[in-house]
file structure27.pdb (PDB, C-alpha atoms)
MODEL        1
ATOM      1  CA  ARG Y   1     102.415 189.422  66.860
ATOM      2  CA  ASP Y   2     103.818 192.938  66.755
ATOM      3  CA  ALA Y   3     100.745 194.196  64.915
ATOM      4  CA  TRP Y   4      98.482 192.600  67.525
ATOM      5  CA  ARG Y   5     100.393 194.199  70.375
ATOM      6  CA  ALA Y   6     100.144 197.574  68.626
ATOM      7  CA  GLY Y   7      96.406 197.107  68.140
ATOM      8  CA  ALA Y   8      96.748 197.033  64.350
ATOM      9  CA  LEU Y   9      95.864 194.480  61.735
ATOM     10  CA  PRO Y  10      98.820 192.461  60.435
ATOM     11  CA  PRO Y  11      99.642 192.771  56.760
ATOM     12  CA  PRO Y  12      97.560 190.384  54.659
ATOM     13  CA  LEU Y  13      99.199 187.153  53.573
ATOM     14  CA  PRO Y  14      99.474 187.085  49.785
ATOM     15  CA  MET Y  15      97.585 184.077  48.483
ATOM     16  CA  SER Y  16      96.583 182.894  45.034
ATOM     17  CA  ALA Y  17      93.140 181.466  44.385
ATOM     18  CA  VAL Y  18      92.487 177.882  45.477
ATOM     19  CA  PRO Y  19      93.425 175.691  42.504
ATOM     20  CA  PRO Y  20      90.422 173.874  41.011
ATOM     21  CA  GLU Y  21      92.493 170.667  40.944
ATOM     22  CA  LEU Y  22      93.364 170.921  44.668
ATOM     23  CA  PRO Y  23      92.547 167.276  45.602
ATOM     24  CA  ALA Y  24      94.795 166.023  42.785
ATOM     25  CA  LEU Y  25      97.749 167.843  44.381
ATOM     26  CA  ALA Y  26      97.599 165.746  47.573
ATOM     27  CA  PRO Y  27     100.149 163.082  46.475
ATOM     28  CA  SER Y  28     102.846 165.693  45.878
ATOM     29  CA  GLY Y  29     101.816 167.313  49.172
ATOM     30  CA  ARG Y  30     102.570 164.029  50.939
ATOM     31  CA  ALA Y  31     106.184 164.250  49.764
ATOM     32  CA  LEU Y  32     106.420 167.849  50.956
ATOM     33  CA  TYR Y  33     104.930 166.856  54.357
ATOM     34  CA  ALA Y  34     107.789 164.366  54.711
ATOM     35  CA  LYS Y  35     110.464 166.749  53.382
ATOM     36  CA  MET Y  36     109.423 169.546  55.745
ATOM     37  CA  GLN Y  37     109.347 167.096  58.684
ATOM     38  CA  CYS Y  38     105.756 167.929  59.616
ATOM     39  CA  ALA Y  39     105.526 164.462  61.173
ATOM     40  CA  THR Y  40     107.944 165.582  63.890
ATOM     41  CA  CYS Y  41     104.993 167.257  65.622
ATOM     42  CA  HIS Y  42     101.893 166.011  63.789
ATOM     43  CA  GLY Y  43     102.987 162.381  63.376
ATOM     44  CA  ALA Y  44     103.323 160.323  60.211
ATOM     45  CA  ASP Y  45      99.582 159.668  60.266
ATOM     46  CA  GLY Y  46      98.745 163.287  61.171
ATOM     47  CA  ARG Y  47      97.110 162.502  64.515
ATOM     48  CA  GLY Y  48      99.260 164.984  66.451
ATOM     49  CA  HIS Y  49     101.511 162.524  68.259
ATOM     50  CA  GLY Y  50     104.864 162.943  66.522
ATOM     51  CA  PRO Y  51     108.103 162.428  68.449
ATOM     52  CA  SER Y  52     108.296 166.114  69.462
ATOM     53  CA  ALA Y  53     104.600 166.510  70.304
ATOM     54  CA  ALA Y  54     104.901 165.777  74.024
ATOM     55  CA  ALA Y  55     107.473 168.561  74.486
ATOM     56  CA  LEU Y  56     105.515 171.305  72.679
ATOM     57  CA  ARG Y  57     104.920 174.505  74.653
ATOM     58  CA  ASP Y  58     103.049 177.687  73.798
ATOM     59  CA  GLU Y  59     104.527 181.170  74.054
ATOM     60  CA  TRP Y  60     103.817 181.235  77.801
ATOM     61  CA  GLY Y  61     105.526 177.893  78.457
ATOM     62  CA  GLU Y  62     102.325 175.910  78.835
ATOM     63  CA  PRO Y  63     101.964 172.461  77.234
ATOM     64  CA  ILE Y  64     100.104 172.511  73.926
ATOM     65  CA  LYS Y  65      98.946 169.721  71.633
ATOM     66  CA  ALA Y  66      99.852 169.523  67.978
ATOM     67  CA  ALA Y  67      96.779 169.624  65.764
ATOM     68  CA  ASP Y  68      95.186 166.318  64.830
ATOM     69  CA  LEU Y  69      95.215 166.715  61.060
ATOM     70  CA  THR Y  70      92.779 163.828  60.622
ATOM     71  CA  TYR Y  71      89.931 165.844  62.134
ATOM     72  CA  LEU Y  72      89.936 169.206  60.371
ATOM     73  CA  TRP Y  73      86.858 170.458  62.230
ATOM     74  CA  THR Y  74      89.084 171.221  65.229
ATOM     75  CA  PHE Y  75      91.734 173.298  63.397
ATOM     76  CA  LYS Y  76      92.352 176.496  65.388
ATOM     77  CA  ASN Y  77      92.475 178.756  62.337
ATOM     78  CA  GLY Y  78      89.616 177.183  60.338
ATOM     79  CA  HIS Y  79      89.451 174.291  57.905
ATOM     80  CA  ARG Y  80      88.720 175.865  54.516
ATOM     81  CA  PRO Y  81      91.640 175.518  52.082
ATOM     82  CA  GLU Y  82      92.397 179.229  52.514
ATOM     83  CA  ASP Y  83      92.490 178.801  56.306
ATOM     84  CA  VAL Y  84      94.914 175.873  56.145
ATOM     85  CA  TYR Y  85      97.104 177.795  53.682
ATOM     86  CA  ARG Y  86      97.180 180.776  56.047
ATOM     87  CA  THR Y  87      98.088 178.552  59.018
ATOM     88  CA  ILE Y  88     100.899 176.731  57.253
ATOM     89  CA  TYR Y  89     102.442 179.758  55.644
ATOM     90  CA  GLY Y  90     101.702 182.412  58.243
ATOM     91  CA  GLY Y  91     102.028 180.262  61.377
ATOM     92  CA  LEU Y  92      99.946 180.592  64.547
ATOM     93  CA  ASN Y  93     101.094 183.252  66.990
ATOM     94  CA  GLY Y  94     101.593 182.029  70.519
ATOM     95  CA  THR Y  95     101.973 178.407  69.401
ATOM     96  CA  PRO Y  96     104.902 176.318  68.185
ATOM     97  CA  MET Y  97     103.343 176.353  64.670
ATOM     98  CA  ALA Y  98     105.898 178.453  62.829
ATOM     99  CA  ALA Y  99     105.398 180.267  59.520
ATOM    100  CA  PHE Y 100     106.650 178.228  56.574
ATOM    101  CA  GLY Y 101     105.865 180.805  53.885
ATOM    102  CA  GLY Y 102     109.500 181.734  53.375
ATOM    103  CA  ILE Y 103     110.619 178.114  53.124
ATOM    104  CA  VAL Y 104     108.231 176.878  50.447
ATOM    105  CA  THR Y 105     108.181 179.588  47.814
ATOM    106  CA  ASP Y 106     106.541 177.680  44.946
ATOM    107  CA  GLU Y 107     102.805 178.428  45.017
ATOM    108  CA  ARG Y 108     101.835 175.032  43.575
ATOM    109  CA  GLU Y 109     103.833 173.248  46.290
ATOM    110  CA  ARG Y 110     102.130 175.377  48.927
ATOM    111  CA  TRP Y 111      98.711 174.307  47.690
ATOM    112  CA  ALA Y 112      99.899 170.697  47.406
ATOM    113  CA  LEU Y 113     100.697 170.649  51.128
ATOM    114  CA  VAL Y 114      97.291 172.175  51.878
ATOM    115  CA  ALA Y 115      95.682 169.467  49.737
ATOM    116  CA  PHE Y 116      97.504 166.715  51.622
ATOM    117  CA  VAL Y 117      96.566 168.117  55.029
ATOM    118  CA  LEU Y 118      92.903 168.330  53.989
ATOM    119  CA  ALA Y 119      93.020 164.814  52.513
ATOM    120  CA  MET Y 120      93.933 163.385  55.938
ATOM    121  CA  SER Y 121      90.375 164.054  57.164
ATOM    122  CA  PRO Y 122      87.206 162.345  55.945
ATOM    123  CA  ALA Y 123      85.132 164.251  53.383
ATOM    124  CA  ALA Y 124      82.252 164.729  55.830
ATOM    125  CA  GLN Y 125      82.354 165.292  59.568
ATOM    126  CA  PRO Y 126      81.722 161.928  61.242
ATOM    127  CA  VAL Y 127      78.605 161.753  63.365
ATOM    128  CA  LEU Y 128      77.824 159.324  66.124
ATOM    129  CA  HIS Y 129      74.074 159.119  66.669
ATOM    130  CA  LEU Y 130      72.899 158.843  70.252
ATOM    131  CA  SER Y 131      70.647 155.853  69.482
ATOM    132  CA  SER Y 132      73.610 153.797  68.248
ATOM    133  CA  PHE Y 133      76.175 155.152  70.692
ATOM    134  CA  PRO Y 134      76.342 152.152  73.049
ATOM    135  CA  LYS Y 135      76.798 149.736  70.173
ATOM    136  CA  ASP Y 136      79.219 151.861  68.130
ATOM    137  CA  ARG Y 137      81.247 153.735  70.710
ATOM    138  CA  LEU Y 138      84.112 151.261  71.032
ATOM    139  CA  SER Y 139      84.689 151.105  67.301
ATOM    140  CA  ARG Y 140      83.865 154.725  66.428
ATOM    141  CA  LEU Y 141      85.557 156.750  69.182
ATOM    142  CA  GLY Y 142      89.303 157.058  68.948
ATOM    143  CA  ALA Y 143      91.609 157.225  71.938
ATOM    144  CA  ASP Y 144      91.662 160.979  71.442
ATOM    145  CA  GLY Y 145      87.849 161.154  71.848
ATOM    146  CA  HIS Y 146      87.182 162.067  68.217
ATOM    147  CA  VAL Y 147      84.538 160.202  66.247
ATOM    148  CA  ARG Y 148      86.034 158.097  63.477
ATOM    149  CA  PRO Y 149      84.218 157.345  60.219
TER     150      PRO Y 149
ENDMDL
END

call {"tool": "encode", "arguments": {"input": "structure27.pdb", "output": "structure tokens"}}
result
Amino acid sequence: RDAWRAGALPPPLPMSAVPPELPALAPSGRALYAKMQCATCHGADGRGHGPSAAALRDEWGEPIKAADLTYLWTFKNGHRPEDVYRTIYGGLNGTPMAAFGGIVTDERERWALVAFVLAMSPAAQPVLHLSSFPKDRLSRLGADGHVRP
């Protein structure tokens, strides 16, 4: 935030290359998700309705929603593995999403958490075709308005 206020670029976040076995790391990422209490805001199922979610406020005191981790196409900082890594370990300025880079220091564990977050979403962005909308809308649209696979 200080760099932004000064009109300068922040220092780059050191990051190793995305592991080729990233999807296989998801099970150990699940354990880290629980250990780090991510469900407090994002919920056990990742839909953004954890017990603290209703009380979340941004830097200006305005209500803010926790990210729905089951629909990665709406992530504020992007949904590539590198983007999710940067969000988790660098945080999101102005939001309650703190930087966890100093807490999880093992690089493999960092990527495991990224893998688990990405695994919460379907492999392809769900699409609801207009021609089938009336028939499918009750079963395909979630309460949050997102299309479900």

call {"tool": "closest_residue", "arguments": {"input": "structure27.pdb", "among": "Y:Ala8, Y:Leu13, Y:Pro20, Y:Gly46", "to": "Y:Gly91", "atoms": "only C-alpha atoms"}}
result
Y:Leu13

call {"tool": "atom_distance", "arguments": {"input": "structure27.pdb", "atom1": "atom CA of Y:Cys38", "atom2": "atom CA of Y:Ala3"}}
result
27.3 Å

call {"tool": "closest_residue", "arguments": {"input": "structure27.pdb", "among": "Y:Ala112, Y:His79, Y:Leu130, Y:Tyr85", "to": "Y:Ala99", "atoms": "only C-alpha atoms"}}
result
Y:Tyr85

call {"tool": "closest_residue", "arguments": {"input": "structure27.pdb", "among": "Y:Pro81, Y:Pro19, Y:Gly94, Y:Pro14", "to": "Y:Trp60", "atoms": "only C-alpha atoms"}}
result
Y:Gly94

call {"tool": "atom_distance", "arguments": {"input": "structure27.pdb", "atom1": "atom CA of Y:Leu32", "atom2": "atom CA of Y:Gln125"}}
result
25.7 Å

call {"tool": "atom_distance", "arguments": {"input": "structure27.pdb", "atom1": "atom CA of Y:Gly43", "atom2": "atom CA of Y:Glu109"}}
result
20.3 Å

call {"tool": "resolve_selection", "arguments": {"input": "structure27.pdb", "expression": "the PyMOL selection byres ((chain Y and resi 119) around 12)", "output": "ChimeraX atom specification"}}
result
/Y:22-30,45-46,69-72,79,81,84,112-118,120-124

call {"tool": "resolve_selection", "arguments": {"input": "structure27.pdb", "expression": "the PyMOL selection byres ((chain Y and resi 16) around 10)", "output": "NGL selection string"}}
result
:Y and (13-15 or 17-19 or 82 or 107-108 or 111)

call {"tool": "residues_around", "arguments": {"input": "structure27.pdb", "residues": "Y:Ile64", "least_positions_apart": "2", "cutoff": "9 Å", "atoms": "all atoms listed in the file", "output": "JSON, numbers by chain"}}
result
{"Y": [53, 54, 55, 56, 57, 58, 61, 62, 66, 95, 96]}

call {"tool": "write_last_selection", "arguments": {"input": "structure27.pdb", "atoms": "C-alpha atoms", "output": "PDB file, in the frame of the given file"}}
result
ATOM      1  CA  ALA Y  53     104.600 166.510  70.304  1.00  0.00           C
ATOM      2  CA  ALA Y  54     104.901 165.777  74.024  1.00  0.00           C
ATOM      3  CA  ALA Y  55     107.473 168.561  74.486  1.00  0.00           C
ATOM      4  CA  LEU Y  56     105.515 171.305  72.679  1.00  0.00           C
ATOM      5  CA  ARG Y  57     104.920 174.505  74.653  1.00  0.00           C
ATOM      6  CA  ASP Y  58     103.049 177.687  73.798  1.00  0.00           C
ATOM      7  CA  GLY Y  61     105.526 177.893  78.457  1.00  0.00           C
ATOM      8  CA  GLU Y  62     102.325 175.910  78.835  1.00  0.00           C
ATOM      9  CA  ALA Y  66      99.852 169.523  67.978  1.00  0.00           C
ATOM     10  CA  THR Y  95     101.973 178.407  69.401  1.00  0.00           C
ATOM     11  CA  PRO Y  96     104.902 176.318  68.185  1.00  0.00           C
TER      12      PRO Y  96
END

call {"tool": "build_atoms", "arguments": {"input": "structure27.pdb", "residues": "stretch 75-104 of chain Y", "atoms": "N, CA and C atoms", "output": "PDB file, in the frame of the given file"}}
result
ATOM      1  N   PHE Y  75      90.597 172.420  63.706  1.00  0.00           N
ATOM      2  CA  PHE Y  75      91.734 173.298  63.397  1.00  0.00           C
ATOM      3  C   PHE Y  75      91.492 174.680  64.004  1.00  0.00           C
ATOM      4  N   LYS Y  76      92.477 175.220  64.683  1.00  0.00           N
ATOM      5  CA  LYS Y  76      92.352 176.496  65.388  1.00  0.00           C
ATOM      6  C   LYS Y  76      92.088 177.684  64.465  1.00  0.00           C
ATOM      7  N   ASN Y  77      92.565 177.614  63.247  1.00  0.00           N
ATOM      8  CA  ASN Y  77      92.475 178.756  62.337  1.00  0.00           C
ATOM      9  C   ASN Y  77      91.460 178.515  61.215  1.00  0.00           C
ATOM     10  N   GLY Y  78      90.606 177.507  61.354  1.00  0.00           N
ATOM     11  CA  GLY Y  78      89.616 177.183  60.338  1.00  0.00           C
ATOM     12  C   GLY Y  78      90.064 176.035  59.455  1.00  0.00           C
ATOM     13  N   HIS Y  79      89.109 175.456  58.712  1.00  0.00           N
ATOM     14  CA  HIS Y  79      89.451 174.291  57.905  1.00  0.00           C
ATOM     15  C   HIS Y  79      89.160 174.442  56.405  1.00  0.00           C
ATOM     16  N   ARG Y  80      88.827 175.647  55.959  1.00  0.00           N
ATOM     17  CA  ARG Y  80      88.720 175.865  54.516  1.00  0.00           C
ATOM     18  C   ARG Y  80      90.143 175.834  53.937  1.00  0.00           C
ATOM     19  N   PRO Y  81      90.288 175.532  52.650  1.00  0.00           N
ATOM     20  CA  PRO Y  81      91.640 175.518  52.082  1.00  0.00           C
ATOM     21  C   PRO Y  81      92.414 176.816  52.355  1.00  0.00           C
ATOM     22  N   GLU Y  82      91.738 177.947  52.262  1.00  0.00           N
ATOM     23  CA  GLU Y  82      92.397 179.229  52.514  1.00  0.00           C
ATOM     24  C   GLU Y  82      92.881 179.338  53.964  1.00  0.00           C
ATOM     25  N   ASP Y  83      92.118 178.770  54.891  1.00  0.00           N
ATOM     26  CA  ASP Y  83      92.490 178.801  56.306  1.00  0.00           C
ATOM     27  C   ASP Y  83      93.733 177.955  56.563  1.00  0.00           C
ATOM     28  N   VAL Y  84      93.767 176.775  55.970  1.00  0.00           N
ATOM     29  CA  VAL Y  84      94.914 175.873  56.145  1.00  0.00           C
ATOM     30  C   VAL Y  84      96.162 176.499  55.516  1.00  0.00           C
ATOM     31  N   TYR Y  85      96.001 177.093  54.342  1.00  0.00           N
ATOM     32  CA  TYR Y  85      97.104 177.795  53.682  1.00  0.00           C
ATOM     33  C   TYR Y  85      97.660 178.866  54.617  1.00  0.00           C
ATOM     34  N   ARG Y  86      96.771 179.679  55.159  1.00  0.00           N
ATOM     35  CA  ARG Y  86      97.180 180.776  56.047  1.00  0.00           C
ATOM     36  C   ARG Y  86      97.908 180.238  57.283  1.00  0.00           C
ATOM     37  N   THR Y  87      97.449 179.135  57.834  1.00  0.00           N
ATOM     38  CA  THR Y  87      98.088 178.552  59.018  1.00  0.00           C
ATOM     39  C   THR Y  87      99.486 178.047  58.698  1.00  0.00           C
ATOM     40  N   ILE Y  88      99.600 177.311  57.607  1.00  0.00           N
ATOM     41  CA  ILE Y  88     100.899 176.731  57.253  1.00  0.00           C
ATOM     42  C   ILE Y  88     101.909 177.825  56.910  1.00  0.00           C
ATOM     43  N   TYR Y  89     101.485 178.788  56.139  1.00  0.00           N
ATOM     44  CA  TYR Y  89     102.442 179.758  55.644  1.00  0.00           C
ATOM     45  C   TYR Y  89     102.553 181.019  56.478  1.00  0.00           C
ATOM     46  N   GLY Y  90     101.615 181.261  57.355  1.00  0.00           N
ATOM     47  CA  GLY Y  90     101.702 182.412  58.243  1.00  0.00           C
ATOM     48  C   GLY Y  90     101.981 182.024  59.678  1.00  0.00           C
ATOM     49  N   GLY Y  91     101.825 180.734  60.012  1.00  0.00           N
ATOM     50  CA  GLY Y  91     102.028 180.262  61.377  1.00  0.00           C
ATOM     51  C   GLY Y  91     100.862 180.633  62.280  1.00  0.00           C
ATOM     52  N   LEU Y  92     100.956 180.256  63.535  1.00  0.00           N
ATOM     53  CA  LEU Y  92      99.946 180.592  64.547  1.00  0.00           C
ATOM     54  C   LEU Y  92     100.651 181.243  65.719  1.00  0.00           C
ATOM     55  N   ASN Y  93     100.452 182.530  65.889  1.00  0.00           N
ATOM     56  CA  ASN Y  93     101.094 183.252  66.990  1.00  0.00           C
ATOM     57  C   ASN Y  93     100.775 182.610  68.330  1.00  0.00           C
ATOM     58  N   GLY Y  94     101.769 182.569  69.181  1.00  0.00           N
ATOM     59  CA  GLY Y  94     101.593 182.029  70.519  1.00  0.00           C
ATOM     60  C   GLY Y  94     101.729 180.521  70.592  1.00  0.00           C
ATOM     61  N   THR Y  95     101.853 179.869  69.436  1.00  0.00           N
ATOM     62  CA  THR Y  95     101.973 178.407  69.401  1.00  0.00           C
ATOM     63  C   THR Y  95     103.306 178.025  68.763  1.00  0.00           C
ATOM     64  N   PRO Y  96     103.676 176.754  68.849  1.00  0.00           N
ATOM     65  CA  PRO Y  96     104.902 176.318  68.185  1.00  0.00           C
ATOM     66  C   PRO Y  96     104.765 176.229  66.658  1.00  0.00           C
ATOM     67  N   MET Y  97     103.544 176.442  66.120  1.00  0.00           N
ATOM     68  CA  MET Y  97     103.343 176.353  64.670  1.00  0.00           C
ATOM     69  C   MET Y  97     103.967 177.580  64.016  1.00  0.00           C
ATOM     70  N   ALA Y  98     105.146 177.369  63.455  1.00  0.00           N
ATOM     71  CA  ALA Y  98     105.898 178.453  62.829  1.00  0.00           C
ATOM     72  C   ALA Y  98     105.371 178.754  61.431  1.00  0.00           C
ATOM     73  N   ALA Y  99     105.753 179.889  60.886  1.00  0.00           N
ATOM     74  CA  ALA Y  99     105.398 180.267  59.520  1.00  0.00           C
ATOM     75  C   ALA Y  99     106.376 179.599  58.555  1.00  0.00           C
ATOM     76  N   PHE Y 100     105.823 178.909  57.556  1.00  0.00           N
ATOM     77  CA  PHE Y 100     106.650 178.228  56.574  1.00  0.00           C
ATOM     78  C   PHE Y 100     106.594 178.900  55.210  1.00  0.00           C
ATOM     79  N   GLY Y 101     106.005 180.093  55.146  1.00  0.00           N
ATOM     80  CA  GLY Y 101     105.865 180.805  53.885  1.00  0.00           C
ATOM     81  C   GLY Y 101     107.174 181.133  53.206  1.00  0.00           C
ATOM     82  N   GLY Y 102     108.209 181.411  53.969  1.00  0.00           N
ATOM     83  CA  GLY Y 102     109.500 181.734  53.375  1.00  0.00           C
ATOM     84  C   GLY Y 102     110.304 180.516  52.981  1.00  0.00           C
ATOM     85  N   ILE Y 103     109.888 179.347  53.430  1.00  0.00           N
ATOM     86  CA  ILE Y 103     110.619 178.114  53.124  1.00  0.00           C
ATOM     87  C   ILE Y 103     110.128 177.502  51.819  1.00  0.00           C
ATOM     88  N   VAL Y 104     108.819 177.427  51.671  1.00  0.00           N
ATOM     89  CA  VAL Y 104     108.231 176.878  50.447  1.00  0.00           C
ATOM     90  C   VAL Y 104     107.753 178.073  49.625  1.00  0.00           C
TER      91      VAL Y 104
END
